[in-house]
Structure formats: structure tokens, C-alpha cells
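As stored in structure.txt (compact mmCIF, C-alpha atoms):
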```txt
# COMPACT_ATOMS: atom_id res chain seq x y z
CA MET A 1 0.00 0.00 0.00
CA PRO A 2 1.38 3.48 -0.86
CA ARG A 3 2.47 5.61 2.06
CA VAL A 4 -0.48 7.96 2.46
CA ARG A 5 -1.04 10.28 5.39
CA ILE A 6 -3.86 9.13 7.65
CA THR A 7 -6.78 11.51 7.12
CA LYS A 8 -10.55 11.15 7.30
CA ARG A 9 -10.79 10.91 3.51
CA PHE A 10 -8.14 8.18 3.46
CA LEU A 11 -9.88 6.25 6.25
CA ASP A 12 -13.18 6.42 4.38
CA SER A 13 -11.48 4.86 1.35
CA LEU A 14 -10.00 1.90 3.27
CA THR A 15 -11.63 -1.48 2.65
CA PRO A 16 -11.08 -4.59 4.80
CA ARG A 17 -9.20 -7.63 3.49
CA ASP A 18 -9.33 -11.32 4.29
CA ARG A 19 -6.64 -10.79 6.91
CA GLU A 20 -5.91 -8.00 9.37
CA PHE A 21 -3.45 -5.33 8.20
CA VAL A 22 -1.92 -2.05 9.42
CA HIS A 23 -1.39 1.16 7.43
CA TRP A 24 1.46 3.24 8.86
CA ASP A 25 1.42 7.02 8.68
CA PRO A 26 4.42 8.38 6.71
CA ASP A 27 4.65 11.60 8.75
CA LEU A 28 4.81 10.09 12.27
CA ALA A 29 6.84 6.91 12.65
CA GLY A 30 5.01 4.32 14.76
CA PHE A 31 1.52 5.77 14.24
CA GLY A 32 -0.91 3.66 12.24
CA VAL A 33 -4.41 2.36 11.78
CA ARG A 34 -5.24 -1.34 12.12
CA VAL A 35 -8.00 -2.73 9.89
CA ARG A 36 -9.65 -6.03 10.80
CA PRO A 37 -11.51 -8.30 8.32
CA THR A 38 -14.75 -7.27 10.01
CA GLY A 39 -14.13 -3.65 8.99
CA ARG A 40 -13.34 -2.48 12.51
CA MET A 41 -10.50 0.11 12.50
CA THR A 42 -8.40 1.31 15.43
CA TYR A 43 -5.56 3.78 15.83
CA ILE A 44 -2.39 2.16 17.17
CA VAL A 45 1.14 3.13 18.15
CA GLN A 46 4.13 0.84 17.81
CA TYR A 47 7.48 1.46 19.50
CA ARG A 48 10.54 -0.37 20.78
CA ALA A 49 10.66 -0.78 24.56
CA GLY A 50 14.31 -0.04 25.33
CA SER A 51 17.42 0.32 23.22
CA GLY A 52 19.21 -2.15 21.00
CA ARG A 53 18.00 -4.70 18.49
CA SER A 54 16.90 -7.13 21.20
CA ALA A 55 14.42 -4.64 22.68
CA PRO A 56 10.86 -5.93 22.15
CA ASP A 57 8.36 -4.17 19.93
CA ARG A 58 5.20 -3.03 21.67
CA LYS A 59 1.82 -2.01 20.32
CA VAL A 60 -0.69 0.21 22.08
CA THR A 61 -4.27 0.69 20.94
CA LEU A 62 -5.26 4.36 21.18
CA ALA A 63 -8.96 4.30 20.26
CA PRO A 64 -11.40 3.07 17.61
CA VAL A 65 -11.64 5.15 14.47
CA GLY A 66 -14.61 7.44 14.99
CA ARG A 67 -14.00 8.01 18.66
CA LEU A 68 -10.99 10.21 17.81
CA THR A 69 -10.39 12.19 14.65
CA PRO A 70 -7.14 11.47 12.75
CA ASP A 71 -5.63 14.72 14.07
CA GLU A 72 -6.60 13.90 17.68
CA ALA A 73 -5.20 10.38 17.34
CA ARG A 74 -1.95 11.74 15.82
CA ALA A 75 -1.60 14.18 18.74
CA GLU A 76 -2.13 11.39 21.27
CA ALA A 77 0.36 9.17 19.42
CA ARG A 78 2.93 11.98 19.44
CA ARG A 79 2.46 12.44 23.21
CA LEU A 80 2.82 8.72 23.88
CA LEU A 81 5.93 8.40 21.66
CA GLY A 82 7.41 11.38 23.49
CA SER A 83 7.04 9.54 26.78
CA VAL A 84 8.73 6.49 25.23
CA ALA A 85 11.68 8.68 24.24
CA GLN A 86 12.04 9.56 27.94
CA GLY A 87 12.17 5.88 28.95
CA ALA A 88 8.51 5.07 29.54
CA ASP A 89 6.91 1.79 28.43
CA PRO A 90 3.13 2.48 28.12
CA ALA A 91 2.23 -0.98 26.86
CA GLY A 92 4.27 -2.65 29.57
CA GLU A 93 2.62 -0.53 32.23
CA ARG A 94 -0.79 -1.39 30.86
CA GLN A 95 0.10 -5.09 30.83
CA ARG A 96 1.28 -4.88 34.44
CA ARG A 97 -2.02 -3.29 35.46
CA HIS A 98 -3.97 -5.97 33.63
CA ALA A 99 -1.74 -8.72 35.03
CA ALA A 100 -3.03 -7.86 38.49
CA MET A 101 -6.54 -8.80 37.31
CA THR A 102 -7.69 -12.21 38.52
CA ILE A 103 -9.30 -14.88 36.37
CA ASN A 104 -12.51 -14.22 38.32
CA GLU A 105 -12.47 -10.59 37.17
CA LEU A 106 -11.43 -11.46 33.62
CA ALA A 107 -14.19 -14.07 33.31
CA ALA A 108 -16.81 -11.57 34.49
CA ALA A 109 -15.69 -9.04 31.87
CA PHE A 110 -15.51 -11.76 29.20
CA MET A 111 -19.10 -12.85 29.86
CA ALA A 112 -20.51 -9.32 30.11
CA LEU A 113 -18.70 -7.74 27.17
CA HIS A 114 -18.29 -10.64 24.74
CA VAL A 115 -20.26 -13.83 25.35
CA LYS A 116 -23.69 -12.52 26.39
CA PRO A 117 -23.93 -9.79 23.73
CA LYS A 118 -22.52 -11.89 20.87
CA ARG A 119 -23.44 -15.53 21.49
CA LYS A 120 -26.74 -17.38 21.47
CA PRO A 121 -28.41 -17.64 24.91
CA LYS A 122 -27.83 -21.41 25.17
CA THR A 123 -24.14 -20.95 24.29
CA ALA A 124 -23.79 -18.18 26.87
CA GLU A 125 -25.48 -20.43 29.41
CA LEU A 126 -22.99 -23.22 28.66
CA TYR A 127 -20.02 -20.84 28.97
CA GLN A 128 -21.34 -19.56 32.31
CA HIS A 129 -21.83 -23.12 33.58
CA ILE A 130 -18.32 -24.22 32.57
CA LEU A 131 -16.70 -21.15 34.09
CA GLU A 132 -18.57 -21.43 37.39
CA LYS A 133 -18.40 -25.22 37.69
CA PHE A 134 -14.85 -25.98 36.53
CA VAL A 135 -12.65 -22.99 35.62
CA LEU A 136 -13.19 -20.52 38.45
CA PRO A 137 -12.92 -23.06 41.32
CA ALA A 138 -9.52 -24.13 39.94
CA LEU A 139 -8.10 -20.88 38.55
CA GLY A 140 -10.36 -18.03 39.65
CA ALA A 141 -8.12 -16.62 42.41
CA LYS A 142 -5.00 -16.61 40.23
CA SER A 143 -3.86 -13.44 38.52
CA VAL A 144 -4.18 -13.58 34.75
CA ALA A 145 -0.41 -13.38 34.27
CA ASP A 146 0.21 -16.31 36.63
CA VAL A 147 -1.93 -18.90 34.80
CA THR A 148 0.38 -21.37 33.03
CA LYS A 149 -0.13 -24.13 30.50
CA ALA A 150 0.60 -26.61 33.31
CA ASP A 151 -2.37 -25.21 35.28
CA VAL A 152 -4.71 -25.68 32.33
CA MET A 153 -3.35 -29.15 31.54
CA ARG A 154 -3.87 -30.17 35.17
CA LEU A 155 -7.50 -29.01 35.06
CA HIS A 156 -8.11 -30.72 31.71
CA HIS A 157 -6.48 -33.98 32.83
CA GLY A 158 -8.51 -33.97 36.05
CA MET A 159 -11.68 -34.15 33.93
CA ARG A 160 -10.50 -37.12 31.84
CA ASP A 161 -13.49 -39.21 32.98
CA ARG A 162 -15.72 -36.64 31.21
CA PRO A 163 -13.90 -36.15 27.90
CA PHE A 164 -16.65 -34.13 26.24
CA MET A 165 -16.91 -31.61 29.08
CA ALA A 166 -13.11 -31.57 29.52
CA ASN A 167 -12.68 -30.54 25.88
CA ARG A 168 -15.44 -27.91 26.12
CA THR A 169 -13.72 -26.48 29.22
CA LEU A 170 -10.44 -26.27 27.33
CA ALA A 171 -12.20 -24.45 24.50
CA VAL A 172 -13.76 -21.92 26.89
CA ILE A 173 -10.39 -21.17 28.50
CA SER A 174 -8.84 -20.72 25.06
CA SER A 175 -11.64 -18.36 24.03
CA LEU A 176 -11.24 -16.42 27.29
CA PHE A 177 -7.52 -15.82 26.69
CA SER A 178 -7.99 -15.05 22.98
CA TRP A 179 -10.44 -12.33 23.97
CA ALA A 180 -8.07 -11.10 26.68
CA SER A 181 -5.21 -10.90 24.15
CA LYS A 182 -7.34 -8.99 21.64
CA HIS A 183 -8.25 -6.47 24.34
CA GLU A 184 -4.66 -6.23 25.65
CA HIS A 185 -5.33 -7.82 29.03
CA VAL A 186 -2.44 -10.19 28.26
CA HIS A 187 0.46 -10.05 25.83
CA GLU A 188 -0.58 -10.67 22.25
CA GLY A 189 -0.64 -14.36 21.45
CA LEU A 190 -0.44 -15.51 25.08
CA ASN A 191 -2.86 -18.41 25.53
CA PRO A 192 -2.06 -21.16 28.07
CA ALA A 193 -4.79 -23.37 26.56
CA ALA A 194 -3.21 -23.39 23.09
CA ARG A 195 -1.83 -26.62 21.62
CA ILE A 196 -3.10 -28.84 24.45
CA GLU A 197 -4.20 -32.17 23.02
CA THR A 198 -7.89 -32.87 23.48
CA PHE A 199 -9.36 -36.18 24.62
CA VAL A 200 -10.90 -38.58 22.14
CA GLU A 201 -14.69 -38.31 22.32
CA ASN A 202 -16.62 -41.46 21.58
CA ARG A 203 -19.76 -40.06 19.97
CA ARG A 204 -22.80 -41.82 21.38
CA GLU A 205 -25.45 -42.57 18.79
CA ARG A 206 -28.57 -44.63 19.34
CA PHE A 207 -31.03 -45.42 16.56
CA LEU A 208 -34.48 -46.84 17.18
CA SER A 209 -35.29 -50.07 15.39
CA THR A 210 -38.63 -50.77 13.72
CA GLU A 211 -39.66 -52.91 16.69
CA GLU A 212 -38.69 -50.15 19.16
CA LEU A 213 -40.69 -47.59 17.16
CA LYS A 214 -43.69 -49.92 17.28
CA ARG A 215 -43.44 -50.06 21.09
CA LEU A 216 -42.95 -46.29 21.27
CA GLY A 217 -46.10 -45.67 19.20
CA ALA A 218 -48.13 -47.96 21.46
CA ALA A 219 -46.77 -46.22 24.58
CA LEU A 220 -47.63 -42.78 23.20
CA ARG A 221 -51.21 -43.82 22.39
CA GLU A 222 -51.61 -45.35 25.84
CA ALA A 223 -50.09 -42.27 27.52
CA GLU A 224 -52.53 -39.81 25.96
CA THR A 225 -55.67 -41.95 26.34
CA VAL A 226 -55.94 -44.32 29.33
CA GLY A 227 -52.62 -43.29 30.88
CA ILE A 228 -49.44 -45.14 31.79
CA PRO A 229 -49.78 -47.37 34.88
CA TRP A 230 -47.45 -46.82 37.81
CA GLU A 231 -46.44 -48.95 40.76
CA PRO A 232 -46.53 -47.42 44.26
CA ASN A 233 -43.95 -47.75 47.01
CA LEU A 234 -45.86 -49.86 49.50
CA SER A 235 -43.23 -49.35 52.21
CA LYS A 236 -44.17 -45.68 52.67
CA PRO A 237 -46.45 -44.76 55.59
CA THR A 238 -48.88 -43.13 53.14
CA ALA A 239 -49.28 -46.34 51.12
CA LYS A 240 -52.66 -47.10 52.70
CA HIS A 241 -54.06 -43.94 51.13
CA LEU A 242 -53.04 -44.86 47.60
CA PRO A 243 -55.64 -44.92 44.82
CA LYS A 244 -57.02 -48.25 43.69
CA PRO A 245 -54.89 -50.17 41.15
CA GLU A 246 -57.28 -49.36 38.29
CA ASN A 247 -56.80 -45.64 39.03
CA ARG A 248 -53.02 -45.69 39.09
CA GLN A 249 -52.44 -44.28 35.62
CA THR A 250 -50.65 -41.12 34.54
CA ILE A 251 -52.14 -39.42 31.49
CA VAL A 252 -49.50 -37.47 29.57
CA ASN A 253 -50.29 -33.98 28.30
CA PRO A 254 -51.26 -34.17 24.59
CA PHE A 255 -48.88 -31.30 23.80
CA ALA A 256 -46.00 -33.41 25.18
CA THR A 257 -46.91 -36.46 23.08
CA ALA A 258 -47.32 -34.18 20.05
CA ALA A 259 -43.82 -32.79 20.66
CA ILE A 260 -42.35 -36.31 20.75
CA ARG A 261 -44.09 -37.17 17.47
CA LEU A 262 -42.89 -33.96 15.82
CA LEU A 263 -39.32 -34.72 16.87
CA LEU A 264 -39.63 -38.14 15.22
CA PHE A 265 -41.39 -36.91 12.07
CA THR A 266 -39.14 -33.88 11.40
CA GLY A 267 -35.69 -34.72 12.81
CA ALA A 268 -35.75 -31.29 14.47
CA ARG A 269 -33.82 -30.41 17.61
CA LEU A 270 -35.68 -30.30 20.92
CA ARG A 271 -35.57 -26.49 21.32
CA GLU A 272 -36.69 -26.02 17.70
CA ILE A 273 -39.94 -27.83 18.55
CA LEU A 274 -40.48 -26.54 22.10
CA HIS A 275 -39.85 -22.92 21.04
CA LEU A 276 -41.84 -23.19 17.79
CA ARG A 277 -44.43 -20.42 17.39
CA TRP A 278 -47.63 -20.73 15.37
CA ALA A 279 -46.51 -17.67 13.40
CA GLU A 280 -43.59 -19.76 12.07
CA VAL A 281 -45.85 -22.60 10.82
CA ASP A 282 -47.07 -22.61 7.20
CA LEU A 283 -49.35 -25.62 6.90
CA ALA A 284 -50.47 -24.67 3.39
CA ARG A 285 -46.94 -25.08 2.05
CA GLY A 286 -45.90 -27.67 4.64
CA LEU A 287 -42.99 -25.66 6.03
CA LEU A 288 -41.63 -24.34 9.33
CA PHE A 289 -39.72 -21.06 9.09
CA LEU A 290 -37.41 -20.85 12.12
CA PRO A 291 -35.93 -17.36 12.52
CA ASP A 292 -33.10 -18.70 14.68
CA SER A 293 -31.71 -22.15 15.38
CA LYS A 294 -28.35 -23.63 16.31
CA THR A 295 -27.18 -22.97 12.74
CA GLY A 296 -29.09 -19.71 12.19
CA ARG A 297 -32.24 -19.22 10.09
CA LYS A 298 -33.70 -22.55 9.06
CA THR A 299 -36.59 -23.96 7.03
CA ILE A 300 -37.97 -27.38 7.99
CA VAL A 301 -39.92 -29.37 5.41
CA LEU A 302 -42.94 -30.96 7.06
CA SER A 303 -43.90 -34.55 6.31
CA ALA A 304 -47.53 -35.63 6.02
CA PRO A 305 -47.50 -37.20 9.54
CA ALA A 306 -46.02 -33.99 11.00
CA ILE A 307 -48.71 -31.89 9.30
CA ALA A 308 -51.39 -34.21 10.71
CA VAL A 309 -49.99 -33.73 14.24
CA LEU A 310 -50.04 -29.94 13.84
CA HIS A 311 -53.59 -29.96 12.43
CA GLU A 312 -54.86 -31.79 15.53
CA LEU A 313 -53.24 -29.42 18.06
CA PRO A 314 -55.43 -26.66 19.54
CA ARG A 315 -54.01 -23.13 19.36
CA THR A 316 -53.99 -22.11 23.02
CA GLY A 317 -51.26 -19.47 22.84
CA VAL A 318 -48.24 -18.19 20.98
CA PHE A 319 -46.33 -21.49 21.07
CA VAL A 320 -47.23 -24.69 19.24
CA ILE A 321 -46.26 -26.84 22.24
CA ALA A 322 -48.14 -25.07 25.00
CA GLY A 323 -46.47 -24.74 28.40
CA ASN A 324 -47.82 -23.61 31.76
CA SER A 325 -47.97 -20.02 30.51
CA PRO A 326 -49.38 -19.10 27.08
CA ASP A 327 -46.54 -16.61 26.58
CA LYS A 328 -43.65 -18.90 27.54
CA PRO A 329 -42.39 -22.06 25.82
CA ARG A 330 -42.30 -25.41 27.56
CA SER A 331 -38.86 -25.87 29.13
CA ASP A 332 -38.31 -29.62 28.57
CA LEU A 333 -39.85 -33.07 28.02
CA LYS A 334 -37.97 -34.93 30.75
CA ARG A 335 -40.91 -36.28 32.74
CA PRO A 336 -43.21 -37.27 29.83
CA TRP A 337 -40.29 -38.78 27.88
CA GLY A 338 -39.21 -40.72 30.98
CA LEU A 339 -42.69 -42.18 31.39
CA VAL A 340 -43.17 -43.04 27.72
CA SER A 341 -39.64 -44.41 27.12
CA ARG A 342 -39.80 -46.65 30.20
CA ARG A 343 -43.20 -47.97 29.13
CA ALA A 344 -41.82 -48.69 25.66
CA LYS A 345 -38.76 -50.40 27.20
CA LEU A 346 -36.34 -48.08 25.39
CA GLU A 347 -33.19 -48.58 27.43
CA GLY A 348 -30.72 -45.71 27.28
CA VAL A 349 -32.62 -43.76 24.62
CA ARG A 350 -32.35 -39.96 24.96
CA ILE A 351 -34.77 -37.49 23.48
CA HIS A 352 -32.03 -36.37 21.03
CA ASP A 353 -31.83 -39.94 19.71
CA LEU A 354 -35.17 -39.33 17.98
CA ARG A 355 -33.32 -36.95 15.64
CA HIS A 356 -30.69 -39.63 15.00
CA SER A 357 -33.44 -42.14 14.27
CA PHE A 358 -35.00 -39.81 11.68
CA ALA A 359 -31.62 -39.59 9.95
CA SER A 360 -30.95 -43.33 10.22
CA PHE A 361 -34.22 -44.23 8.47
CA GLY A 362 -33.38 -41.81 5.68
CA ALA A 363 -29.86 -43.16 5.27
CA GLY A 364 -31.03 -46.76 5.44
CA GLY A 365 -33.61 -45.98 2.76
CA GLY A 366 -30.88 -44.79 0.40
CA LEU A 367 -32.03 -41.15 0.28
CA GLY A 368 -28.45 -39.91 0.18
CA LEU A 369 -26.49 -37.95 2.76
CA PRO A 370 -26.84 -34.51 1.08
CA ILE A 371 -30.66 -34.77 1.22
CA ILE A 372 -30.57 -35.94 4.85
CA GLY A 373 -28.21 -33.12 5.77
CA LYS A 374 -30.56 -30.62 4.14
CA LEU A 375 -33.55 -31.99 6.07
CA LEU A 376 -31.65 -31.85 9.36
CA GLY A 377 -30.33 -28.35 8.71
CA HIS A 378 -26.65 -29.30 8.74
CA THR A 379 -24.38 -26.54 7.44
CA GLN A 380 -21.35 -28.87 7.20
CA ALA A 381 -21.35 -32.06 5.11
CA SER A 382 -19.01 -33.61 7.68
CA THR A 383 -21.80 -33.44 10.29
CA THR A 384 -24.04 -35.69 8.20
CA GLN A 385 -21.14 -38.03 7.47
CA ARG A 386 -21.72 -39.80 10.81
CA TYR A 387 -24.68 -41.56 9.12
CA ALA A 388 -22.61 -42.76 6.16
CA HIS A 389 -22.33 -46.30 7.51
CA LEU A 390 -26.13 -46.60 7.36
CA ASP A 391 -26.36 -45.58 3.72
CA THR A 392 -25.86 -49.13 2.41
CA ASP A 393 -28.06 -49.13 -0.69
CA PRO A 394 -25.46 -47.60 -3.08
CA LEU A 395 -22.83 -49.99 -1.71
CA ARG A 396 -25.17 -52.94 -2.06
CA ARG A 397 -25.95 -52.05 -5.66
CA ALA A 398 -22.23 -51.65 -6.40
CA SER A 399 -21.43 -54.96 -4.70
CA ASP A 400 -24.14 -56.74 -6.69
CA ALA A 401 -22.95 -55.28 -10.00
CA ILE A 402 -19.33 -56.30 -9.40
CA ALA A 403 -20.11 -59.79 -8.11
CA LEU A 404 -22.63 -60.50 -10.86
CA ALA A 405 -20.12 -59.50 -13.52
CA ILE A 406 -17.52 -61.78 -11.98
CA SER A 407 -19.94 -64.70 -11.60
CA ALA A 408 -21.12 -64.29 -15.21
CA ALA A 409 -17.52 -64.40 -16.38
CA MET A 410 -17.08 -67.59 -14.36
CA GLY A 411 -20.20 -69.07 -16.00
CA GLU A 412 -21.89 -69.68 -12.65
CA PHE A 413 -24.88 -67.53 -11.68
CA ALA A 414 -26.70 -65.05 -13.88
CA SER A 415 -28.41 -63.26 -11.01
CA THR A 416 -29.27 -63.50 -7.36
CA ASP A 417 -31.89 -61.83 -5.25
CA ARG A 418 -31.79 -60.78 -1.63
CA ASN A 419 -34.13 -63.55 -0.54
CA GLY A 420 -31.42 -66.08 -1.26
CA SER A 421 -32.86 -67.60 -4.46
CA LEU A 422 -30.49 -68.05 -7.39
CA ASP A 423 -31.02 -68.10 -11.13
CA GLY A 424 -28.38 -70.63 -12.09
CA ARG A 425 -26.93 -71.40 -15.45
```

Full structure transcribed into C-alpha cells:
Amino acid sequence: MPRVRITKRFLDSLTPRDREFVHWDPDLAGFGVRVRPTGRMTYIVQYRAGSGRSAPDRKVTLAPVGRLTPDEARAEARRLLGSVAQGADPAGERQRRHAAMTINELAAAFMALHVKPKRKPKTAELYQHILEKFVLPALGAKSVADVTKADVMRLHHGMRDRPFMANRTLAVISSLFSWASKHEHVHEGLNPAARIETFVENRRERFLSTEELKRLGAALREAETVGIPWEPNLSKPTAKHLPKPENRQTIVNPFATAAIRLLLFTGARLREILHLRWAEVDLARGLLFLPDSKTGRKTIVLSAPAIAVLHELPRTGVFVIAGNSPDKPRSDLKRPWGLVSRRAKLEGVRIHDLRHSFASFGAGGGLGLPIIGKLLGHTQASTTQRYAHLDTDPLRRASDAIALAISAAMGEFASTDRNGSLDGR
């Protein structure tokens, strides 16, 4: 870039690039403007802290462009560089002030200024949980400058029996220090969580079989009509006041059973169904228009069974799956799912496994992974790839074609079918 004096006109002409860059002012050595890929621009000053070639370079952020005019920023840069000439180290002093900050204080600023304003509520909730449950008890009292890679490795290793949560904790610490570096709470690039090897996570996937789905359907119909029977604890003092055996049934709320069916018939995530509003349902076109999901805006294509479920639901409020309040979504399905899954004898099946089952039936039916990924709302093809081992139809056709060609060349069998019968020669 040509050496052009930093003026308002010049700043207005700057356009961001794929990577961050700095334009240095030709009239004042060390004064520049940093441009991030997002378009954010800040005035900075760079100087050498000390004399000699081994003296480290320091950068100080003066202010965002817009908060100061170019002339005001140049005057502030000149004042700061004058202090450097007299032996001061502004960046070092700032780092020393920040180094006195504890991880408790840094985490509070990180949540308030970065995570809550910029992340989805569920993500912010997860960050808060990880910080309060794991990070702060172990590192909270330490000053930011005193946290070492060994400290983070010790915390991560201590959670080895929970590899998923251990890796999420490592990611939160890394994000915390990346944010601290960007805002000059620590030296640029300092991150004690960097390059720590994560644990292998064995992804748990459970798919319902046809027989299990049959039992689930029967349990749902029983739950919403006569109710699911329950056995009392006869050892309790209140056992003599129990209802008669024929009255010991729990009828499940029809909105809860409808939610379970919609999860099965759409492959949607739990929150996508529980937070679904009637305003987002287009039954005429058979679509759900979700303004926000885990992957952003999303359109769900409704199947005929899903449309039938929605047609039968009464509109009692804003949300499709009515909760205790007409203006608030239902929070979870833990109790109804527990009752129904136990009655259907579905051992170890989570509510999220209904989404996996939707995908597994599609893959097993040879619909193709791209189509399944589109239905599930996956933004990355690699996410759908977990179902590749179920997509056997193309492999079966390929195996048949190869083997039949070989057997024909051998003069043995002209064709075979999957029932075991052979057309011999």
C-alpha cells in the first residue's frame, strides 16, 4: 500500500481484506491504523521498549476510528511516543495493570462484554456453567499473568473421565484468553490453553429399530388416552391412602406427546420444537420457518404425519407446544419422555436420539447424505457423514454389480436376489 497520510478521507477509502493489516502514517513513525476483516479500524502506536535490536516491539491501541479524529489520534500518538523517548513503556505498564486482574475478574468481563452480547443464549449459558463449575474453582483466584499451561493441563487432565466436558472447558479457557489478548489484558498471542491435546470423544449414537418404534407408538397412544400405569412404594407410611390399582395411571399432556411425534417426524432439535411459534408454521406449504436455530435461520420441510400432528393441536397461545404459561415455551420433556420411554422399554434412549433415528431411516432408505443433511439443517457435510455407515443401498448395488459381472464371467450364476434364491446357469 502506498504511504499515504492518515486523514478522514483516506480512512473512508480503506476497505477490509481477508486478513488483518496495518497502514502506517508516513509523517509520524510508529503511528498507524489497524483494519480487521470485520471492517473495525483502530488507531495504534508501535514502538521499541528499550534500546538495541533485542528490545521488544510493543503495540498500544489508542482508540477506535470514529472516537478520535485522525488529528486527535496523531496528537495522542505523538504524546505517547514522546514519553517512550524519555524511557517510559506504556504498553508494559498497561500489561502490568492488567496482570493484576484475577481470572474471576477477567471471566466476568468476558461474559458481560463478549459472550452474552454476541453468542446465542444457550451458548452463553454453557459458557457460564463451565466457568462457574470448573474454571473458576480451579483458577479463579490466580492473577491472569500467573496462569500457566501446566495449570490448564492439570485441570483438563482432572476431567479425563468426562472427555466431552473436559474438551469444552479447554475451548472456553482458550476463548477467554484469545479475547483477553485482543483487548490487551495479556500479551498478544499468550494463551495457556493453546496446543493442548484434546481427549478422544466417543460419539454416542442410538437409533431406534422398527420394533422399538412400534413399542414407542403404542406407549404414546396409551399415555394420551388411558394413561401409563405406575407402581406405588408400599413401604411408605402413606401407602394405605393410595388410589385403587385401576386408578393408578398417569395421562401425559397431549402437547407433550405431540412434541415427541414432531421430533420423530421432522428430525428437528428439541428447542426447535419446544420454542416453535404458530406464526412460524405454514401448513399450506408444509414448512416451518425458524428465525433462529443452532445454525441460524432454518426452514424445515414438514412430512404428512407432522402436518397431521399440527392440524390436531389446539391453538392455546403463541407457542405450538403449549407450556404452563401461554406466553412462555415449555422448558423440557424430561418427565413425559421418561414415562413413555420406560413404558416402551427403550433402554438408554435420549430425546435427542429421535433426531438420529429420523436420519438413520433416511440413510437406510438410500435417500443420500446430502438430502438428509438438508432436512436436518446441517451446514457442514461432515456433520451428516456420521450416518454414512447406514447408507448401504449404493454400496449394495455396487457390490451386486461387481459380483454378478464376476460370476457371469465364471459361468456360474446369472443373477441373485436378496431372498437367497439363485437363477443358475

Inset, instruction - Go ahead and compute the interatomic distance for CA of Phe10 in chain A and CA of Ala77 in chain A, in Å to one decimal. - result: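 One can read the CA of Phe10 in chain A to CA of Ala77 in chain A distance as 18.1 Å.
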
Inset, instruction - Mind checking which residues fall within 12 Å of range 345-347 of chain A, counting only C-alpha atoms, ignoring those fewer than 6 positions away in the same chain, and posting them as a list in words? - result: Arg206, Phe207, Leu208, Ser209, Glu211, Glu212, Leu213, Lys214, Arg215, Leu216, Gly217, Ala218, Ala219, Trp337, Gly338, Leu339, Asp353 and Leu354 of chain A

Inset, instruction - Name all residues at most 8 Å from Phe289 in chain A (count all atoms listed in the file; drop same-chain ones fewer than 5 positions away) and give them as a ChimeraX atom specification. - result: /A:280-282,297-300

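You will find CA of Leu126 in chain A at 26.0 Å from CA of Leu262 in chain A.
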
Inset, instruction - Choose the residue, out of A:Val186, A:Val35, A:Ala166, A:Val115, that has the smallest atom-to-atom separation from Glu93 in chain A; count only C-alpha atoms. - result: A:Val186

Inset, instruction - Give as a PyMOL selection string each residue that has an atom at most 12 Å from (-11.4, -6.9, 32.8) in the file, counting all atoms listed in the file. - result: chain A and resi 95+97-114+143-144+176-177+179-181+183-186

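In this comparison, which uses all atoms listed in the file, the residue of A:Gly296, A:Gly227, A:Pro56, A:Pro64 approaching Arg343 in chain A most closely is A:Gly227.
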
Inset, instruction - Kindly give the distance, in Å, that separates CA of His187 in chain A and CA of Ala91 in chain A, rounded to a single decimal. - result: 9.3 Å

Legend entry - Proximity to Arg269 in chain A - best of A:Val340, A:Thr250, A:Ala256, A:His356, all atoms listed in the file: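 Closest to Arg269 in chain A of all the choices is A:His356.
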
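Comparing the minimum interatomic distances between Glu132 in chain A and each of A:Lys294, A:Val172, A:Met41, A:Ile307, counting all atoms listed in the file, we find that A:Val172 sits nearest.
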
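Closest approach to Arg67 in chain A from the set A:Leu81, A:Tyr43, A:Arg160, A:Ala88 is made by A:Tyr43, with distances taken over all atoms listed in the file.
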
Ref. answer, residues at most 10 Å from (-5.6, -22.9, 41.5) with all atoms listed in the file, as a short mmCIF file (atom, residue, chain, number, x, y, z; two decimals) with C-alpha atoms, in the coordinates of the input:
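Saved file result-v7.cif follows:
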```
data_model
loop_
_atom_site.label_atom_id
_atom_site.label_comp_id
_atom_site.auth_asym_id
_atom_site.auth_seq_id
_atom_site.Cartn_x
_atom_site.Cartn_y
_atom_site.Cartn_z
CA VAL A 135 -12.65 -22.99 35.62
CA LEU A 136 -13.19 -20.52 38.45
CA PRO A 137 -12.92 -23.06 41.32
CA ALA A 138 -9.52 -24.13 39.94
CA LEU A 139 -8.10 -20.88 38.55
CA GLY A 140 -10.36 -18.03 39.65
CA ALA A 141 -8.12 -16.62 42.41
CA LYS A 142 -5.00 -16.61 40.23
CA VAL A 147 -1.93 -18.90 34.80
CA ASP A 151 -2.37 -25.21 35.28
CA VAL A 152 -4.71 -25.68 32.33
CA ARG A 154 -3.87 -30.17 35.17
CA LEU A 155 -7.50 -29.01 35.06
#
```

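With all atoms listed in the file as the atoms that count, the minimum distance from Asp146 in chain A to the choices A:Asn191, A:Pro70, A:Lys133, A:Ala124 is reached by A:Asn191.
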